[in-house]
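Here is my_file-v6.pdb, consisting of PDB, C-alpha atoms, pLDDT in the B column:
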```pdb
ATOM      1  CA  MET A   4    -181.275 -25.755  41.546  1.00 68.00           C
ATOM      2  CA  ASP A   5    -178.745 -24.199  39.210  1.00 70.00           C
ATOM      3  CA  LEU A   6    -177.444 -21.215  41.180  1.00 67.00           C
ATOM      4  CA  THR A   7    -176.245 -19.531  37.994  1.00 69.00           C
ATOM      5  CA  ASN A   8    -179.604 -19.755  36.169  1.00 67.00           C
ATOM      6  CA  LYS A   9    -181.700 -16.577  36.485  1.00 71.00           C
ATOM      7  CA  ASP A  10    -184.975 -18.493  36.168  1.00 69.00           C
ATOM      8  CA  ASP A  11    -183.990 -20.920  38.929  1.00 69.00           C
ATOM      9  CA  ILE A  12    -183.013 -18.182  41.389  1.00 71.00           C
ATOM     10  CA  ARG A  13    -185.801 -15.718  40.603  1.00 75.00           C
ATOM     11  CA  PRO A  14    -188.119 -17.190  43.317  1.00 75.00           C
ATOM     12  CA  VAL A  15    -185.316 -16.968  45.886  1.00 72.00           C
ATOM     13  CA  LEU A  16    -184.626 -13.326  45.066  1.00 74.00           C
ATOM     14  CA  ALA A  17    -188.339 -12.499  45.073  1.00 76.00           C
ATOM     15  CA  ALA A  18    -188.719 -14.123  48.487  1.00 75.00           C
ATOM     16  CA  PHE A  19    -185.987 -12.117  50.156  1.00 73.00           C
ATOM     17  CA  ILE A  20    -186.887  -8.822  48.454  1.00 75.00           C
ATOM     18  CA  GLY A  21    -190.631  -9.111  49.087  1.00 74.00           C
ATOM     19  CA  ASP A  22    -190.629 -10.359  52.672  1.00 85.00           C
ATOM     20  CA  THR A  23    -190.076  -8.878  56.145  1.00 91.00           C
ATOM     21  CA  ASP A  24    -186.741  -7.346  57.107  1.00 94.00           C
ATOM     22  CA  ARG A  25    -185.900 -10.404  59.211  1.00 94.00           C
ATOM     23  CA  ALA A  26    -186.706 -12.814  56.379  1.00 92.00           C
ATOM     24  CA  CYS A  27    -184.791 -10.653  53.914  1.00 93.00           C
ATOM     25  CA  GLY A  28    -181.663 -10.641  56.076  1.00 95.00           C
ATOM     26  CA  ILE A  29    -181.765 -14.364  56.778  1.00 94.00           C
ATOM     27  CA  LEU A  30    -182.652 -15.500  53.243  1.00 93.00           C
ATOM     28  CA  ALA A  31    -180.119 -13.189  51.608  1.00 94.00           C
ATOM     29  CA  GLY A  32    -177.374 -14.489  53.882  1.00 95.00           C
ATOM     30  CA  ALA A  33    -178.362 -18.103  53.257  1.00 93.00           C
ATOM     31  CA  PHE A  34    -178.429 -17.576  49.490  1.00 93.00           C
ATOM     32  CA  LEU A  35    -175.032 -15.880  49.430  1.00 96.00           C
ATOM     33  CA  GLU A  36    -173.634 -18.717  51.536  1.00 94.00           C
ATOM     34  CA  GLU A  37    -174.935 -21.269  49.006  1.00 92.00           C
ATOM     35  CA  LEU A  38    -173.389 -19.323  46.123  1.00 94.00           C
ATOM     36  CA  LEU A  39    -170.092 -19.031  47.959  1.00 95.00           C
ATOM     37  CA  GLU A  40    -170.060 -22.765  48.714  1.00 91.00           C
ATOM     38  CA  GLU A  41    -170.672 -23.513  45.043  1.00 91.00           C
ATOM     39  CA  LEU A  42    -167.841 -21.182  44.047  1.00 94.00           C
ATOM     40  CA  VAL A  43    -165.437 -22.850  46.483  1.00 91.00           C
ATOM     41  CA  ARG A  44    -166.534 -26.342  45.399  1.00 87.00           C
ATOM     42  CA  ARG A  45    -165.963 -25.466  41.732  1.00 88.00           C
ATOM     43  CA  HIS A  46    -162.349 -24.696  42.598  1.00 87.00           C
ATOM     44  CA  MET A  47    -161.846 -28.018  44.386  1.00 84.00           C
ATOM     45  CA  VAL A  48    -161.319 -31.487  42.998  1.00 80.00           C
ATOM     46  CA  GLU A  49    -164.478 -33.439  42.242  1.00 78.00           C
ATOM     47  CA  SER A  50    -163.612 -36.297  44.606  1.00 71.00           C
ATOM     48  CA  LEU A  51    -163.744 -33.896  47.542  1.00 70.00           C
ATOM     49  CA  PRO A  52    -164.617 -35.410  50.937  1.00 69.00           C
ATOM     50  CA  GLU A  53    -168.196 -34.313  51.679  1.00 73.00           C
ATOM     51  CA  ASP A  54    -167.484 -33.870  55.404  1.00 77.00           C
ATOM     52  CA  LEU A  55    -165.551 -30.657  54.658  1.00 77.00           C
ATOM     53  CA  PHE A  56    -168.927 -28.921  54.328  1.00 77.00           C
ATOM     54  CA  ALA A  57    -170.791 -31.093  56.868  1.00 73.00           C
ATOM     55  CA  LYS A  58    -172.140 -29.929  60.223  1.00 75.00           C
ATOM     56  CA  TYR A  59    -168.785 -29.753  62.044  1.00 71.00           C
ATOM     57  CA  GLY A  60    -166.484 -29.645  59.032  1.00 69.00           C
ATOM     58  CA  PRO A  61    -164.006 -26.803  58.541  1.00 72.00           C
ATOM     59  CA  LEU A  62    -166.185 -25.313  55.774  1.00 82.00           C
ATOM     60  CA  SER A  63    -169.556 -25.770  57.459  1.00 75.00           C
ATOM     61  CA  SER A  64    -169.876 -22.105  58.421  1.00 88.00           C
ATOM     62  CA  PHE A  65    -170.521 -19.055  56.284  1.00 92.00           C
ATOM     63  CA  ALA A  66    -167.463 -17.398  57.871  1.00 92.00           C
ATOM     64  CA  GLY A  67    -165.228 -20.346  56.954  1.00 91.00           C
ATOM     65  CA  LYS A  68    -166.412 -20.238  53.335  1.00 91.00           C
ATOM     66  CA  ILE A  69    -165.852 -16.474  53.127  1.00 96.00           C
ATOM     67  CA  ASP A  70    -162.352 -16.778  54.595  1.00 94.00           C
ATOM     68  CA  LEU A  71    -161.355 -19.636  52.289  1.00 92.00           C
ATOM     69  CA  ALA A  72    -162.751 -17.917  49.175  1.00 94.00           C
ATOM     70  CA  PHE A  73    -160.696 -14.832  50.015  1.00 96.00           C
ATOM     71  CA  ALA A  74    -157.561 -16.854  50.825  1.00 94.00           C
ATOM     72  CA  LEU A  75    -157.841 -18.588  47.433  1.00 93.00           C
ATOM     73  CA  GLY A  76    -158.289 -15.262  45.631  1.00 95.00           C
ATOM     74  CA  LEU A  77    -161.860 -16.077  44.566  1.00 96.00           C
ATOM     75  CA  ILE A  78    -163.336 -12.868  46.016  1.00 96.00           C
ATOM     76  CA  SER A  79    -162.024  -9.321  46.382  1.00 96.00           C
ATOM     77  CA  THR A  80    -161.286  -7.486  49.613  1.00 96.00           C
ATOM     78  CA  SER A  81    -164.511  -5.452  49.382  1.00 95.00           C
ATOM     79  CA  GLU A  82    -166.540  -8.610  48.688  1.00 96.00           C
ATOM     80  CA  PHE A  83    -164.843 -10.323  51.633  1.00 97.00           C
ATOM     81  CA  THR A  84    -165.699  -7.381  53.889  1.00 97.00           C
ATOM     82  CA  ASP A  85    -169.315  -7.082  52.707  1.00 97.00           C
ATOM     83  CA  LEU A  86    -169.941 -10.838  52.885  1.00 97.00           C
ATOM     84  CA  HIS A  87    -168.809 -10.809  56.525  1.00 97.00           C
ATOM     85  CA  ARG A  88    -171.064  -7.813  57.238  1.00 97.00           C
ATOM     86  CA  ILE A  89    -174.026  -9.554  55.611  1.00 97.00           C
ATOM     87  CA  ARG A  90    -173.195 -12.689  57.628  1.00 97.00           C
ATOM     88  CA  ARG A  91    -173.308 -10.592  60.816  1.00 97.00           C
ATOM     89  CA  ILE A  92    -176.636  -9.036  59.769  1.00 97.00           C
ATOM     90  CA  ARG A  93    -178.043 -12.494  59.078  1.00 96.00           C
ATOM     91  CA  ASN A  94    -176.886 -13.692  62.495  1.00 96.00           C
ATOM     92  CA  ILE A  95    -178.395 -10.676  64.255  1.00 96.00           C
ATOM     93  CA  PHE A  96    -181.770 -11.337  62.630  1.00 96.00           C
ATOM     94  CA  ALA A  97    -181.561 -15.092  63.204  1.00 95.00           C
ATOM     95  CA  HIS A  98    -180.568 -14.977  66.868  1.00 95.00           C
ATOM     96  CA  SER A  99    -182.592 -12.053  68.191  1.00 92.00           C
ATOM     97  CA  LEU A 100    -186.016 -12.384  69.785  1.00 89.00           C
ATOM     98  CA  GLU A 101    -186.572  -8.658  69.270  1.00 88.00           C
ATOM     99  CA  VAL A 102    -188.465  -7.409  66.239  1.00 86.00           C
ATOM    100  CA  LEU A 103    -185.584  -5.861  64.308  1.00 91.00           C
ATOM    101  CA  ARG A 104    -185.554  -3.853  61.124  1.00 94.00           C
ATOM    102  CA  PHE A 105    -182.820  -2.650  58.804  1.00 94.00           C
ATOM    103  CA  ASP A 106    -183.202   0.866  60.179  1.00 94.00           C
ATOM    104  CA  SER A 107    -182.703  -0.213  63.812  1.00 93.00           C
ATOM    105  CA  SER A 108    -179.422  -0.660  65.626  1.00 92.00           C
ATOM    106  CA  PRO A 109    -177.334  -2.873  65.458  1.00 94.00           C
ATOM    107  CA  VAL A 110    -178.485  -3.922  61.962  1.00 96.00           C
ATOM    108  CA  ARG A 111    -178.341  -0.354  60.655  1.00 95.00           C
ATOM    109  CA  ASP A 112    -174.749   0.001  61.875  1.00 95.00           C
ATOM    110  CA  HIS A 113    -173.643  -2.972  59.759  1.00 95.00           C
ATOM    111  CA  VAL A 114    -175.649  -1.873  56.711  1.00 95.00           C
ATOM    112  CA  ASP A 115    -174.088   1.593  56.914  1.00 94.00           C
ATOM    113  CA  GLN A 116    -170.637  -0.024  56.668  1.00 94.00           C
ATOM    114  CA  LEU A 117    -171.403  -2.022  53.491  1.00 95.00           C
ATOM    115  CA  LEU A 118    -169.125  -0.936  50.662  1.00 92.00           C
ATOM    116  CA  LEU A 119    -171.284  -2.129  47.758  1.00 88.00           C
ATOM    117  CA  ARG A 120    -174.537  -0.324  48.552  1.00 85.00           C
ATOM    118  CA  ARG A 121    -176.923   1.880  46.628  1.00 83.00           C
ATOM    119  CA  SER A 122    -176.214   5.091  48.549  1.00 81.00           C
ATOM    120  CA  THR A 123    -172.462   4.719  47.999  1.00 79.00           C
ATOM    121  CA  ILE A 124    -172.873   3.959  44.293  1.00 79.00           C
ATOM    122  CA  THR A 125    -175.429   6.699  43.516  1.00 79.00           C
ATOM    123  CA  GLY A 126    -174.326   9.268  46.090  1.00 79.00           C
ATOM    124  CA  LEU A 127    -177.967   9.638  47.147  1.00 80.00           C
ATOM    125  CA  ALA A 128    -179.449   8.966  50.553  1.00 79.00           C
ATOM    126  CA  THR A 129    -181.383   5.693  50.560  1.00 85.00           C
ATOM    127  CA  GLN A 130    -183.071   3.484  53.100  1.00 90.00           C
ATOM    128  CA  GLU A 131    -180.976   0.831  54.822  1.00 92.00           C
ATOM    129  CA  ARG A 132    -182.992  -2.027  53.354  1.00 92.00           C
ATOM    130  CA  SER A 133    -182.441  -0.693  49.853  1.00 90.00           C
ATOM    131  CA  ASP A 134    -178.700  -0.458  50.541  1.00 93.00           C
ATOM    132  CA  PHE A 135    -178.710  -4.029  51.861  1.00 94.00           C
ATOM    133  CA  GLU A 136    -180.659  -5.419  48.888  1.00 92.00           C
ATOM    134  CA  THR A 137    -178.381  -3.627  46.415  1.00 91.00           C
ATOM    135  CA  SER A 138    -175.280  -5.022  48.104  1.00 93.00           C
ATOM    136  CA  VAL A 139    -176.727  -8.535  48.062  1.00 94.00           C
ATOM    137  CA  LEU A 140    -177.711  -8.332  44.391  1.00 91.00           C
ATOM    138  CA  ILE A 141    -174.266  -7.044  43.395  1.00 93.00           C
ATOM    139  CA  LEU A 142    -172.600  -9.872  45.310  1.00 95.00           C
ATOM    140  CA  VAL A 143    -174.984 -12.423  43.758  1.00 93.00           C
ATOM    141  CA  GLY A 144    -173.971 -11.198  40.299  1.00 91.00           C
ATOM    142  CA  PHE A 145    -170.249 -11.315  41.081  1.00 94.00           C
ATOM    143  CA  LEU A 146    -170.447 -14.807  42.586  1.00 95.00           C
ATOM    144  CA  GLN A 147    -172.592 -16.189  39.755  1.00 92.00           C
ATOM    145  CA  SER A 148    -170.155 -14.832  37.196  1.00 92.00           C
ATOM    146  CA  ARG A 149    -167.204 -16.453  38.954  1.00 94.00           C
ATOM    147  CA  ILE A 150    -169.049 -19.758  39.315  1.00 93.00           C
ATOM    148  CA  LYS A 151    -169.678 -19.813  35.566  1.00 91.00           C
ATOM    149  CA  GLN A 152    -165.986 -19.105  34.862  1.00 92.00           C
ATOM    150  CA  ALA A 153    -164.635 -21.604  37.402  1.00 90.00           C
ATOM    151  CA  VAL A 154    -162.405 -24.402  36.182  1.00 87.00           C
ATOM    152  CA  ARG A 155    -162.301 -27.462  38.410  1.00 83.00           C
ATOM    153  CA  PRO A 156    -158.741 -28.647  39.088  1.00 83.00           C
ATOM    154  CA  ILE A 157    -157.677 -32.119  38.045  1.00 81.00           C
ATOM    155  CA  VAL A 158    -156.138 -34.389  40.644  1.00 77.00           C
ATOM    156  CA  PRO A 159    -152.482 -34.969  39.733  1.00 77.00           C
ATOM    157  CA  HIS A 160    -151.387 -38.549  39.211  1.00 73.00           C
ATOM    158  CA  ASP A 161    -150.046 -40.113  42.331  1.00 71.00           C
ATOM    159  CA  VAL A 162    -146.244 -40.273  42.316  1.00 71.00           C
ATOM    160  CA  SER A 163    -146.255 -43.773  43.820  1.00 68.00           C
ATOM    161  CA  ASP A 164    -148.327 -45.028  40.852  1.00 65.00           C
ATOM    162  CA  LYS A 165    -145.770 -43.564  38.442  1.00 64.00           C
ATOM    163  CA  LEU A 166    -142.883 -45.140  40.366  1.00 67.00           C
ATOM    164  CA  ARG A 167    -144.559 -48.546  40.358  1.00 67.00           C
ATOM    165  CA  GLU A 168    -145.249 -48.219  36.656  1.00 69.00           C
ATOM    166  CA  HIS A 169    -141.632 -47.223  36.006  1.00 62.00           C
ATOM    167  CA  ARG A 170    -140.262 -50.160  38.003  1.00 65.00           C
ATOM    168  CA  THR A 171    -142.343 -52.703  36.142  1.00 66.00           C
ATOM    169  CA  HIS A 172    -141.455 -51.254  32.738  1.00 63.00           C
ATOM    170  CA  ASP A 173    -137.772 -50.372  33.229  1.00 56.00           C
ATOM    171  CA  PRO A 174    -136.029 -51.386  29.982  1.00 60.00           C
ATOM    172  CA  THR A 175    -132.575 -51.161  31.624  1.00 62.00           C
ATOM    173  CA  ARG A 176    -133.256 -53.996  34.049  1.00 59.00           C
ATOM    174  CA  ALA A 177    -132.843 -57.553  32.962  1.00 58.00           C
ATOM    175  CA  PRO A 178    -136.033 -59.609  33.290  1.00 57.00           C
ATOM    176  CA  GLY A 179    -136.258 -61.506  36.568  1.00 57.00           C
ATOM    177  CA  THR A 180    -133.699 -59.342  38.436  1.00 56.00           C
ATOM    178  CA  ARG A 181    -134.487 -57.514  41.624  1.00 57.00           C
ATOM    179  CA  GLU A 182    -133.608 -53.917  42.388  1.00 52.00           C
ATOM    180  CA  ALA A 183    -130.377 -53.285  44.254  1.00 49.00           C
ATOM    181  CA  SER A 184    -132.197 -51.734  47.213  1.00 47.00           C
ATOM    182  CA  ASN A 185    -134.270 -54.892  47.654  1.00 48.00           C
ATOM    183  CA  GLU A 186    -131.193 -57.144  47.530  1.00 48.00           C
ATOM    184  CA  SER A 187    -129.370 -55.208  50.217  1.00 47.00           C
ATOM    185  CA  GLY A 188    -132.420 -55.285  52.468  1.00 49.00           C
ATOM    186  CA  GLU A 189    -133.036 -51.552  52.407  1.00 49.00           C
TER     187      GLU A 189
END
```

Go ahead and render the structure in this file as structure tokens.
Amino acid sequence: MDLTNKDDIRPVLAAFIGDTDRACGILAGAFLEELLEELVRRHMVESLPEDLFAKYGPLSSFAGKIDLAFALGLISTSEFTDLHRIRRIRNIFAHSLEVLRFDSSPVRDHVDQLLLRRSTITGLATQERSDFETSVLILVGFLQSRIKQAVRPIVPHDVSDKLREHRTHDPTRAPGTREASNESGE
């Protein structure tokens, strides 16, 4: 799935917007985590060890991805804060046996602290789920935009390769002579 293609993600967005509060919270968090992972990966070299994102790797958690994206300057302070709040909401829904809704505590408390929410933007009172969905959609748009603009870094040439190349092609050395450091045993 191309996470930056509107047609590819439309079913994902429809699923989290049209489902129960629990499903919405969990799916939205999972989708944002996928987008964030893609953003981080696009700013890493292509030959990246896969175990960084594996089950016990340092970037296996949503929190680790959020923290790294912020540390690298890939997301703003408000995005960092809201992504962590959405991560907490997702975890509350995922780990509770209670039937929770966006308008029940503790979920409501986290939604009310979101910075990028409909009620903050419009100045009108809205339902918590609407605030949550708005925040998620804004973050999706920001992350997709940054993924599209990302430029993958190129691995620099290894210095040891350059040194070896220089030694074998040194025009100042006479053919067949050894370097002084090798002759002295160093």

All residues 7 Å or closer to region 87-103 of chain A, only C-alpha atoms, same chain fewer than 4 positions away omitted, as a PyMOL selection string: chain A and resi 25+28-29+32+66+83+107+110+113+117

Run the PyMOL selection byres ((chain A and resi 37) around 12) mentally over the shown coordinates, then write out the matched residues as a PyMOL selection string, using the chain letters and numbers from the document. chain A and resi 4-7+12+15+30-36+38-44+56+62-65+68-69+143+146-147+150

I need the output of the PyMOL selection byres ((chain A and resi 141) around 12) for this file as number ranges by chain; which residues are they? A: 31, 35, 81-82, 85-86, 117-121, 124, 134-140, 142-148

Using only C-alpha atoms, can you tell me which of A:Leu16, A:Ser133, A:Arg149, A:Thr123 comes closest to Ile78 (chain A)?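 Smallest distance to Ile78 (chain A) is found for A:Arg149.
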
Point-to-point distance in Å for CA of Cys27 (chain A) and CA of Asp106 (chain A):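 For CA of Asp106 (chain A) relative to CA of Cys27 (chain A), the distance reads 13.2 Å.
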
By how many Å are CA of Pro14 (chain A) and CA of Ala26 (chain A) apart?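 CA of Ala26 (chain A) lies 13.8 Å from CA of Pro14 (chain A).
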
Nearest residue to Thr23 (chain A) from the set A:Arg104, A:Thr84, A:Asp161, A:Val114 (distances using only C-alpha atoms):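 Nearest to Thr23 (chain A): A:Arg104.
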